[in-house]
>>> print(open('protein31.csv').read())   # CSV, C-alpha atoms
chain,number,residue,atom,x,y,z
Q,241,MET,CA,88.0,-15.8,-63.4
Q,242,THR,CA,89.7,-15.5,-60.1
Q,243,LEU,CA,89.0,-12.6,-57.7
Q,244,ALA,CA,91.7,-12.0,-55.1
Q,245,VAL,CA,91.0,-9.5,-52.3
Q,246,ASP,CA,93.3,-8.3,-49.5
Q,247,ILE,CA,92.1,-5.3,-47.6
Q,248,GLY,CA,93.2,-3.5,-44.4
Q,249,HIS,CA,91.2,-0.4,-43.5
Q,250,ARG,CA,90.2,1.6,-40.4
Q,251,LEU,CA,86.7,3.2,-40.2
Q,252,GLY,CA,86.8,5.1,-36.9
Q,253,ARG,CA,87.1,2.4,-34.3
Q,254,PHE,CA,86.2,-0.3,-36.7
Q,255,ARG,CA,89.0,-2.3,-38.2
Q,256,LEU,CA,88.5,-4.1,-41.5
Q,257,ASP,CA,91.0,-6.9,-42.2
Q,258,VAL,CA,89.6,-9.1,-45.1
Q,259,LYS,CA,91.5,-11.5,-47.3
Q,260,PHE,CA,90.0,-14.1,-49.6
Q,261,GLU,CA,90.3,-15.6,-53.1
Q,262,ALA,CA,87.5,-17.1,-55.1
Q,263,GLU,CA,87.0,-18.5,-58.6
Q,264,GLY,CA,84.1,-17.0,-60.4
Q,265,GLY,CA,80.4,-17.8,-59.9
Q,266,LEU,CA,78.4,-16.0,-57.2
Q,267,ILE,CA,80.6,-15.1,-54.3
Q,268,ALA,CA,78.5,-14.2,-51.2
Q,269,LEU,CA,79.9,-11.9,-48.6
Q,270,PHE,CA,77.8,-13.1,-45.7
Q,271,GLY,CA,77.4,-12.0,-42.2
Q,272,ARG,CA,75.4,-10.0,-39.7
Q,273,SER,CA,74.6,-6.3,-40.3
Q,274,GLY,CA,77.7,-4.2,-39.4
Q,275,ALA,CA,80.2,-6.9,-40.2
Q,276,GLY,CA,81.9,-4.8,-42.9
Q,277,LYS,CA,80.5,-6.4,-46.1
Q,278,THR,CA,79.4,-3.2,-47.8
Q,279,SER,CA,82.8,-1.6,-47.0
Q,280,VAL,CA,84.5,-4.4,-48.8
Q,281,VAL,CA,82.4,-4.0,-52.0
Q,282,ASN,CA,82.9,-0.2,-51.9
Q,283,ILE,CA,86.6,-0.7,-51.8
Q,284,ILE,CA,86.5,-3.2,-54.6
Q,285,ALA,CA,84.4,-0.7,-56.6
Q,286,GLY,CA,86.9,2.1,-56.0
Q,287,LEU,CA,84.3,4.2,-54.1
Q,288,VAL,CA,86.5,4.0,-51.0
Q,289,ARG,CA,90.3,4.2,-50.9
Q,290,ALA,CA,91.6,1.7,-48.3
Q,291,ASN,CA,94.6,2.3,-46.1
Q,292,ARG,CA,96.0,-0.9,-47.4
Q,293,ALA,CA,94.6,-3.0,-50.3
Q,294,ARG,CA,95.5,-5.3,-53.1
Q,295,ILE,CA,92.6,-6.4,-55.4
Q,296,GLU,CA,93.0,-8.4,-58.6
Q,297,ILE,CA,90.4,-9.8,-61.0
Q,298,GLY,CA,91.3,-12.2,-63.7
Q,299,GLY,CA,94.9,-11.1,-63.7
Q,300,THR,CA,94.0,-7.4,-63.8
Q,301,LEU,CA,95.2,-5.3,-60.9
Q,302,LEU,CA,92.6,-2.8,-59.7
Q,303,VAL,CA,94.5,-1.5,-56.7
Q,304,ASP,CA,97.8,-2.2,-54.9
Q,305,THR,CA,98.6,0.4,-52.3
Q,306,ALA,CA,102.1,-1.0,-51.8
Q,307,ALA,CA,102.9,-0.4,-55.5
Q,308,GLY,CA,101.1,2.8,-55.8
Q,309,VAL,CA,98.4,1.4,-58.1
Q,310,PHE,CA,94.9,2.7,-58.0
Q,311,VAL,CA,92.6,2.4,-61.0
Q,312,PRO,CA,89.8,4.9,-60.7
Q,313,SER,CA,86.3,3.5,-60.3
Q,314,HIS,CA,85.1,4.5,-63.8
Q,315,ARG,CA,88.0,2.6,-65.3
Q,316,ARG,CA,87.6,-0.6,-63.3
Q,317,ARG,CA,84.8,-2.2,-65.4
Q,318,VAL,CA,83.0,-3.1,-62.2
Q,319,GLY,CA,79.2,-3.0,-62.3
Q,320,TYR,CA,77.4,-2.1,-59.1
Q,321,VAL,CA,73.8,-2.9,-58.2
Q,322,PHE,CA,72.6,-1.1,-55.0
Q,323,GLN,CA,69.8,-1.9,-52.6
Q,324,GLU,CA,67.6,0.6,-54.6
Q,325,GLY,CA,67.5,0.4,-58.4
Q,326,ARG,CA,68.6,4.1,-58.8
Q,327,LEU,CA,67.1,4.3,-62.3
Q,328,PHE,CA,66.6,7.6,-64.2
Q,329,PRO,CA,62.9,8.3,-63.6
Q,330,HIS,CA,62.5,10.4,-66.8
Q,331,LEU,CA,63.9,7.6,-69.1
Q,332,THR,CA,62.2,4.4,-70.3
Q,333,VAL,CA,63.5,1.0,-69.4
Q,334,ARG,CA,65.1,0.8,-72.9
Q,335,GLN,CA,66.8,4.2,-72.3
Q,336,ASN,CA,68.0,3.2,-68.9
Q,337,LEU,CA,69.5,0.0,-70.3
Q,338,LEU,CA,71.2,1.8,-73.2
Q,339,TYR,CA,72.8,4.2,-70.7
Q,340,GLY,CA,74.9,1.2,-69.6
Q,341,ARG,CA,76.1,0.6,-73.2
Q,342,TRP,CA,76.7,4.3,-73.7
Q,343,PHE,CA,78.8,4.4,-70.5
Q,344,ALA,CA,80.9,1.4,-71.8
Q,345,GLY,CA,81.5,3.2,-75.1
Q,346,ARG,CA,82.4,6.5,-73.3
Q,347,ARG,CA,84.9,4.7,-71.1
Q,348,ASP,CA,86.5,2.5,-73.7
Q,349,GLY,CA,86.0,4.4,-76.9
Q,350,ALA,CA,83.6,1.8,-78.4
Q,351,GLY,CA,80.2,0.3,-77.3
Q,352,ARG,CA,81.4,-3.1,-76.1
Q,353,GLY,CA,78.5,-3.8,-73.8
Q,354,ASP,CA,76.8,-7.2,-73.8
Q,355,ASP,CA,74.3,-7.8,-76.6
Q,356,PHE,CA,71.1,-5.7,-75.7
Q,357,GLU,CA,68.6,-8.4,-76.7
Q,358,ARG,CA,70.5,-11.1,-74.9
Q,359,VAL,CA,70.4,-9.1,-71.6
Q,360,VAL,CA,66.7,-8.3,-72.1
Q,361,ASP,CA,65.9,-11.9,-72.6
Q,362,LEU,CA,68.1,-13.1,-69.8
Q,363,LEU,CA,66.3,-10.9,-67.3
Q,364,GLY,CA,62.8,-11.2,-68.8
Q,365,MET,CA,62.3,-7.5,-69.5
Q,366,GLY,CA,60.9,-7.6,-73.0
Q,367,HIS,CA,57.4,-6.6,-71.9
Q,368,LEU,CA,58.8,-3.7,-69.8
Q,369,ILE,CA,61.0,-2.1,-72.4
Q,370,ASP,CA,58.8,1.0,-73.0
Q,371,ARG,CA,57.8,1.6,-69.4
Q,372,ARG,CA,59.2,4.3,-67.1
Q,373,PRO,CA,60.5,3.4,-63.6
Q,374,GLY,CA,57.3,4.8,-62.0
Q,375,ARG,CA,55.3,1.9,-63.5
Q,376,LEU,CA,57.7,-0.9,-62.4
Q,377,SER,CA,57.5,-3.0,-59.3
Q,378,GLY,CA,60.5,-3.1,-56.9
Q,379,GLY,CA,61.7,-6.4,-58.4
Q,380,GLU,CA,61.3,-5.1,-62.0
Q,381,LYS,CA,63.4,-2.0,-61.1
Q,382,GLN,CA,66.2,-4.2,-59.8
Q,383,ARG,CA,66.2,-6.3,-62.9
Q,384,VAL,CA,66.6,-3.2,-65.0
Q,385,ALA,CA,69.4,-2.0,-62.7
Q,386,ILE,CA,71.2,-5.4,-63.2
Q,387,GLY,CA,70.7,-5.2,-66.9
Q,388,ARG,CA,72.1,-1.7,-67.1
Q,389,ALA,CA,75.2,-2.8,-65.1
Q,390,LEU,CA,75.7,-5.8,-67.5
Q,391,LEU,CA,75.4,-3.6,-70.6
Q,392,ALA,CA,78.3,-1.4,-69.2
Q,393,ASP,CA,80.6,-4.4,-70.0
Q,394,PRO,CA,81.8,-5.2,-66.5
Q,395,ARG,CA,84.5,-7.7,-65.7
Q,396,LEU,CA,82.9,-8.0,-62.2
Q,397,LEU,CA,79.4,-7.4,-60.9
Q,398,LEU,CA,78.8,-6.2,-57.3
Q,399,MET,CA,75.4,-6.6,-55.7
Q,400,ASP,CA,74.9,-4.9,-52.3
Q,401,GLU,CA,71.9,-6.6,-50.7
Q,402,PRO,CA,69.8,-6.2,-53.8
Q,403,LEU,CA,66.7,-7.8,-52.2
Q,404,ALA,CA,66.8,-5.9,-48.9
Q,405,SER,CA,64.2,-3.3,-49.9
Q,406,LEU,CA,61.8,-5.8,-51.4
Q,407,ASP,CA,58.9,-7.6,-49.8
Q,408,GLU,CA,58.7,-11.4,-50.0
Q,409,ASP,CA,56.6,-11.5,-53.2
Q,410,ARG,CA,59.1,-9.2,-55.0
Q,411,LYS,CA,62.0,-11.2,-53.7
Q,412,ALA,CA,60.5,-14.4,-55.0
Q,413,GLU,CA,60.0,-12.6,-58.4
Q,414,ILE,CA,63.6,-11.6,-58.8
Q,415,LEU,CA,65.5,-14.7,-57.4
Q,416,PRO,CA,65.1,-16.8,-60.5
Q,417,TYR,CA,66.6,-14.1,-62.6
Q,418,ILE,CA,69.7,-13.8,-60.3
Q,419,GLU,CA,70.0,-17.6,-60.6
Q,420,ARG,CA,69.9,-17.3,-64.4
Q,421,LEU,CA,72.4,-14.5,-64.3
Q,422,ARG,CA,74.8,-16.6,-62.2
Q,423,ASP,CA,74.4,-19.7,-64.4
Q,424,ALA,CA,74.4,-18.0,-67.9
Q,425,SER,CA,76.7,-15.1,-67.5
Q,426,LYS,CA,80.5,-15.3,-67.5
Q,427,VAL,CA,80.7,-12.3,-65.2
Q,428,PRO,CA,81.6,-13.1,-61.6
Q,429,ILE,CA,79.3,-11.7,-59.0
Q,430,VAL,CA,80.1,-10.5,-55.5
Q,431,TYR,CA,76.8,-10.6,-53.6
Q,432,VAL,CA,76.3,-9.0,-50.2
Q,433,SER,CA,73.7,-10.5,-47.8
Q,434,HIS,CA,72.9,-11.3,-44.2
Q,435,ALA,CA,70.1,-13.7,-45.1
Q,436,ILE,CA,71.1,-17.3,-45.1
Q,437,ALA,CA,68.2,-18.3,-47.3
Q,438,GLU,CA,69.5,-16.1,-50.1
Q,439,VAL,CA,73.1,-17.4,-49.6
Q,440,ALA,CA,72.1,-21.1,-49.6
Q,441,ARG,CA,70.1,-20.7,-52.8
Q,442,LEU,CA,72.3,-18.4,-54.8
Q,443,ALA,CA,76.0,-18.7,-53.7
Q,444,THR,CA,78.6,-20.9,-55.2
Q,445,THR,CA,81.2,-19.6,-52.7
Q,446,VAL,CA,80.6,-18.0,-49.3
Q,447,VAL,CA,82.9,-15.6,-47.5
Q,448,LEU,CA,81.7,-15.3,-43.9
Q,449,ILE,CA,82.6,-12.0,-42.3
Q,450,ALA,CA,82.3,-11.1,-38.6
Q,451,GLY,CA,83.7,-8.1,-36.9
Q,452,GLY,CA,85.5,-7.0,-40.0
Q,453,LYS,CA,87.4,-10.3,-40.4
Q,454,VAL,CA,87.0,-13.4,-42.6
Q,455,VAL,CA,86.1,-16.2,-40.2
Q,456,ALA,CA,85.4,-18.8,-42.9
Q,457,ALA,CA,85.4,-19.1,-46.7
Q,458,GLY,CA,84.7,-21.9,-49.2
Q,459,PRO,CA,82.0,-23.7,-51.3
Q,460,THR,CA,78.5,-23.1,-50.0
Q,461,ALA,CA,77.6,-26.7,-49.3
Q,462,LEU,CA,80.8,-27.4,-47.3
Q,463,LEU,CA,80.5,-24.1,-45.3
Q,464,MET,CA,77.0,-24.8,-44.3
Q,465,GLN,CA,78.0,-28.1,-42.7
Q,466,ARG,CA,80.3,-26.5,-40.2
Q,467,LEU,CA,78.9,-26.5,-36.6
Q,468,ASP,CA,81.5,-23.9,-35.4
Q,469,ILE,CA,80.0,-21.1,-37.4
Q,470,GLN,CA,76.3,-21.6,-36.8
Q,471,ALA,CA,76.2,-18.7,-34.2
Q,472,LEU,CA,77.5,-16.4,-36.9
Q,473,THR,CA,75.1,-17.5,-39.6
Q,474,GLY,CA,71.9,-17.2,-37.7
Q,475,GLY,CA,71.2,-20.6,-36.2
Q,476,ALA,CA,67.5,-20.6,-36.8
Q,477,ASP,CA,68.0,-21.1,-40.5
Q,478,ALA,CA,71.1,-23.4,-40.5
Q,479,GLY,CA,71.1,-26.5,-42.5
Q,480,ALA,CA,72.8,-28.4,-45.4
Q,481,VAL,CA,72.7,-28.3,-49.2
Q,482,ILE,CA,72.2,-31.7,-50.9
Q,483,GLU,CA,73.0,-32.5,-54.5
Q,484,ALA,CA,70.4,-34.9,-56.0
Q,485,ARG,CA,69.0,-36.2,-59.3
Q,486,VAL,CA,65.4,-36.8,-60.4
Q,487,GLU,CA,64.9,-40.6,-60.7
Q,488,ARG,CA,61.1,-40.9,-61.2
Q,489,HIS,CA,57.8,-39.3,-60.9
Q,490,ASP,CA,55.0,-41.2,-59.1
Q,491,ASP,CA,51.9,-39.5,-60.6
Q,492,ALA,CA,49.5,-41.7,-58.7
Q,493,ALA,CA,50.9,-40.6,-55.4
Q,494,GLY,CA,51.9,-37.1,-56.5
Q,495,LEU,CA,55.5,-37.7,-55.5
Q,496,THR,CA,59.0,-37.2,-57.1
Q,497,GLU,CA,61.8,-39.5,-56.1
Q,498,LEU,CA,65.4,-38.2,-56.1
Q,499,SER,CA,68.7,-40.0,-55.6
Q,500,SER,CA,71.8,-38.6,-53.8
Q,501,ARG,CA,74.9,-39.9,-52.1
Q,502,ALA,CA,72.9,-39.6,-48.8
Q,503,GLY,CA,70.2,-41.9,-50.1
Q,504,ARG,CA,66.8,-41.6,-51.8
Q,505,TRP,CA,64.4,-38.7,-51.2
Q,506,ARG,CA,60.7,-38.5,-51.8
Q,507,LEU,CA,58.8,-35.2,-51.8
Q,508,ASN,CA,55.7,-33.7,-53.4
Q,509,ARG,CA,55.9,-33.8,-57.1
Q,510,ILE,CA,58.2,-31.1,-58.7
Q,511,ASP,CA,58.3,-29.9,-62.3
Q,512,ALA,CA,61.6,-31.3,-63.4
Q,513,ALA,CA,62.8,-33.6,-66.1
Q,514,LEU,CA,64.0,-37.1,-65.3
Q,515,GLY,CA,67.8,-36.9,-64.8
Q,516,ALA,CA,67.7,-33.2,-63.8
Q,517,ARG,CA,70.1,-32.2,-61.1
Q,518,ILE,CA,68.4,-30.7,-58.0
Q,519,GLN,CA,69.8,-28.8,-55.0
Q,520,LEU,CA,67.9,-29.5,-51.8
Q,521,GLN,CA,68.3,-27.1,-48.8
Q,522,VAL,CA,67.6,-29.2,-45.7
Q,523,ARG,CA,67.0,-27.0,-42.7
Q,524,ALA,CA,68.4,-28.2,-39.4
Q,525,ARG,CA,65.0,-27.6,-37.7
Q,526,ASP,CA,63.4,-30.1,-40.2
Q,527,VAL,CA,65.8,-33.1,-39.3
Q,528,ILE,CA,64.8,-35.6,-36.6
Q,529,LEU,CA,67.3,-38.1,-35.3
Q,530,ALA,CA,66.7,-41.7,-34.2
Q,531,ARG,CA,69.0,-44.4,-32.9
Q,532,GLN,CA,66.9,-47.2,-34.4
Q,533,LEU,CA,65.2,-47.6,-37.8
Q,534,PRO,CA,61.7,-46.2,-37.3
Q,535,SER,CA,58.6,-47.9,-38.7
Q,536,HIS,CA,55.0,-46.9,-39.3
Q,537,ILE,CA,55.8,-43.2,-39.5
Q,538,SER,CA,54.5,-40.5,-41.9
Q,539,ALA,CA,57.9,-39.0,-42.8
Q,540,LEU,CA,59.0,-40.1,-46.3
Q,541,ASN,CA,62.7,-39.7,-45.9
Q,542,VAL,CA,64.8,-41.9,-43.6
Q,543,LEU,CA,68.5,-41.8,-44.2
Q,544,PRO,CA,71.1,-43.9,-42.3
Q,545,GLY,CA,74.2,-42.1,-41.1
Q,546,VAL,CA,76.8,-41.6,-38.5
Q,547,VAL,CA,77.2,-38.7,-36.1
Q,548,ALA,CA,80.2,-36.7,-37.4
Q,549,GLY,CA,80.1,-33.8,-35.0
Q,550,VAL,CA,78.2,-32.3,-32.1
Q,551,GLY,CA,78.1,-28.6,-31.4
Q,552,ALA,CA,78.7,-26.9,-28.1
Q,553,ARG,CA,76.5,-28.2,-25.2
Q,554,ASP,CA,76.5,-24.9,-23.3
Q,555,THR,CA,73.0,-23.9,-24.5
Q,556,PRO,CA,69.7,-25.7,-24.4
Q,557,VAL,CA,69.9,-26.3,-28.2
Q,558,VAL,CA,72.6,-28.4,-29.9
Q,559,GLU,CA,73.5,-28.8,-33.6
Q,560,VAL,CA,74.5,-32.3,-34.7
Q,561,ARG,CA,76.2,-33.1,-38.0
Q,562,VAL,CA,75.4,-36.5,-39.5
Q,563,ASP,CA,77.5,-38.1,-42.2
Q,564,CYS,CA,75.1,-39.9,-44.6
Q,565,ASN,CA,77.5,-41.7,-47.0
Q,566,GLY,CA,79.6,-38.6,-47.6
Q,567,GLU,CA,76.8,-36.1,-47.6
Q,568,ALA,CA,76.3,-34.1,-44.4
Q,569,LEU,CA,73.0,-33.2,-42.8
Q,570,ILE,CA,72.6,-30.8,-39.8
Q,571,ALA,CA,70.0,-31.5,-37.1
Q,572,ARG,CA,68.9,-29.1,-34.4
Q,573,LEU,CA,67.6,-30.7,-31.2
Q,574,THR,CA,67.5,-30.0,-27.5
Q,575,ARG,CA,70.5,-30.7,-25.4
Q,576,TYR,CA,68.3,-33.0,-23.4
Q,577,SER,CA,67.5,-35.1,-26.5
Q,578,ALA,CA,71.2,-35.2,-27.5
Q,579,ASP,CA,72.1,-36.5,-24.0
Q,580,GLN,CA,69.2,-39.0,-23.9
Q,581,LEU,CA,70.3,-40.4,-27.3
Q,582,GLY,CA,73.9,-40.5,-26.3
Q,583,LEU,CA,74.9,-38.6,-29.4
Q,584,ALA,CA,78.7,-38.4,-30.0
Q,585,PRO,CA,81.0,-38.8,-33.0
Q,586,GLY,CA,80.8,-42.3,-34.4
Q,587,VAL,CA,77.3,-43.1,-33.1
Q,588,PRO,CA,75.0,-44.6,-35.9
Q,589,VAL,CA,71.7,-42.8,-36.3
Q,590,PHE,CA,68.9,-42.4,-38.8
Q,591,ALA,CA,68.1,-38.9,-40.1
Q,592,ILE,CA,64.3,-38.4,-40.7
Q,593,VAL,CA,63.0,-35.6,-42.9
Q,594,LYS,CA,59.3,-35.1,-43.8
Q,595,GLY,CA,58.5,-34.7,-47.5
Q,596,VAL,CA,56.4,-31.6,-46.8
Q,597,SER,CA,59.5,-29.9,-45.5
Q,598,PHE,CA,60.3,-29.1,-49.1
Q,599,ASP,CA,57.0,-27.3,-49.8
Q,600,ARG,CA,58.2,-23.8,-48.6
Q,601,PRO,CA,57.5,-21.1,-51.2
Q,602,GLY,CA,59.2,-17.8,-51.7
Q,603,LEU,CA,62.7,-16.7,-50.8
Q,604,ASP,CA,63.7,-19.8,-48.8
Q,605,ALA,CA,62.2,-22.3,-51.2
Q,606,PRO,CA,64.5,-25.3,-50.5
Q,607,ILE,CA,64.5,-26.8,-54.0
Q,608,ARG,CA,66.5,-25.5,-57.0
Q,609,VAL,CA,66.5,-27.3,-60.4
Q,610,ARG,CA,69.9,-26.8,-61.9
Q,611,PRO,CA,69.6,-25.8,-65.5
Q,612,ASP,CA,73.0,-27.2,-66.5
Q,613,ALA,CA,72.4,-30.9,-66.5
Q,614,SER,CA,69.8,-33.4,-67.4
Q,615,ASP,CA,69.9,-37.0,-68.6
Q,616,ALA,CA,66.5,-36.8,-70.2
>>> encode(input="protein31.csv", output="structure tokens")
Amino acid sequence: MTLAVDIGHRLGRFRLDVKFEAEGGLIALFGRSGAGKTSVVNIIAGLVRANRARIEIGGTLLVDTAAGVFVPSHRRRVGYVFQEGRLFPHLTVRQNLLYGRWFAGRRDGAGRGDDFERVVDLLGMGHLIDRRPGRLSGGEKQRVAIGRALLADPRLLLMDEPLASLDEDRKAEILPYIERLRDASKVPIVYVSHAIAEVARLATTVVLIAGGKVVAAGPTALLMQRLDIQALTGGADAGAVIEARVERHDDAAGLTELSSRAGRWRLNRIDAALGARIQLQVRARDVILARQLPSHISALNVLPGVVAGVGARDTPVVEVRVDCNGEALIARLTRYSADQLGLAPGVPVFAIVKGVSFDRPGLDAPIRVRPDASDA
């Protein structure tokens, strides 16, 4: 289902000029705080009337100021999950969820919301069903808020920094459920974030917004390879996303071997079936470059490649993009090292990544097992 957005709006001195088109999945509106992301979702939801806008979802026109079309927010079939769950404190989880179904029936004349049990199972809420919000953790409250939005039968789900109010443990708790929602639900999701770890793990498409304008948009893996946007994405967490497949488990050594276009990867054993598809997030800070094939080193992953791009050399730190047989890795190193190695487009190098680089727990866990494919 295609989402097409074209917005022009002035908020005081701030000018919002955003245009993008994306095909389903999880579309991340990404950028620094104050970039205009929340204003975009509020206009999509119909909570703000833009000076100029044309928004269409799956062939249905929500607003077209030029044609005088403005569908009111309660008729748009757009679910909205805020930073806080905003649950009814006097109702149980079941009653909060059923409110979404009731709202869908009130709007459309019939209860057309998603199947109640399916949503409860999707978001792992069976054991919470009789509790009231005061007895829920922050992550549990957000899962209920998402479920309530789904039961309102939305054609589009908006999520405005839903993890922002949670601590790291609660973020780690809810992330797998958002991944399941993205993979199992047919409802497109627009997800607002300024955290690159969330975007790298969750998004299928990224729309990068800076100063009220779209500066880049496209598939997550491709966008993260670009060196010209690192300053806008928070350079400390920049990196690449690699698609790989589980080839074997070495139980004696406690390792798992993966294959990818870039080459073979070895890391501490993961719980995944043979043939399962894996996404690896490889941070730029974890990649070392060498001009010659190293030997007698502890790092388990040595991938041959060619320098495909070198970032600006006007700061002490430089980002280098390495093409490893069609897969891109990003390395961050000092400008001094880049000069000493003579790094320039076309120079052959070896990219070195330690196996323990993939052991990070929590929000920025760099390994995701895709649930949609396995050869086993």
>>> residues_around(input="protein31.csv", residues="Val522 (chain Q)", least_positions_apart="6", cutoff="7 Å", atoms="only C-alpha atoms", output="list in words")
Gly479, Ala480, Val481 and Pro606 of chain Q
>>> write_last_selection(input="protein31.csv", atoms="C-alpha atoms", output="PDB file, in the frame of the given file")
ATOM      1  CA  GLY Q 479      71.100 -26.500 -42.500  1.00  0.00           C
ATOM      2  CA  ALA Q 480      72.800 -28.400 -45.400  1.00  0.00           C
ATOM      3  CA  VAL Q 481      72.700 -28.300 -49.200  1.00  0.00           C
ATOM      4  CA  PRO Q 606      64.500 -25.300 -50.500  1.00  0.00           C
TER       5      PRO Q 606
END
>>> closest_residue(input="protein31.csv", among="Q:Lys277, Q:Arg420, Q:Arg334, Q:Arg553", to="Arg388 (chain Q)", atoms="only C-alpha atoms")
Q:Arg334
>>> residues_around(input="protein31.csv", residues="Asn508 (chain Q)", least_positions_apart="3", cutoff="8 Å", atoms="all atoms listed in the file", output="VMD selection string")
chain Q and resid 494 to 496 595 to 596 598 to 599
>>> closest_residue(input="protein31.csv", among="Q:Ala516, Q:Ala392, Q:Leu327, Q:Leu463", to="Pro373 (chain Q)", atoms="only C-alpha atoms")
Q:Leu327
>>> atom_distance(input="protein31.csv", atom1="CA of Leu415 (chain Q)", atom2="CA of His314 (chain Q)")
28.2 Å
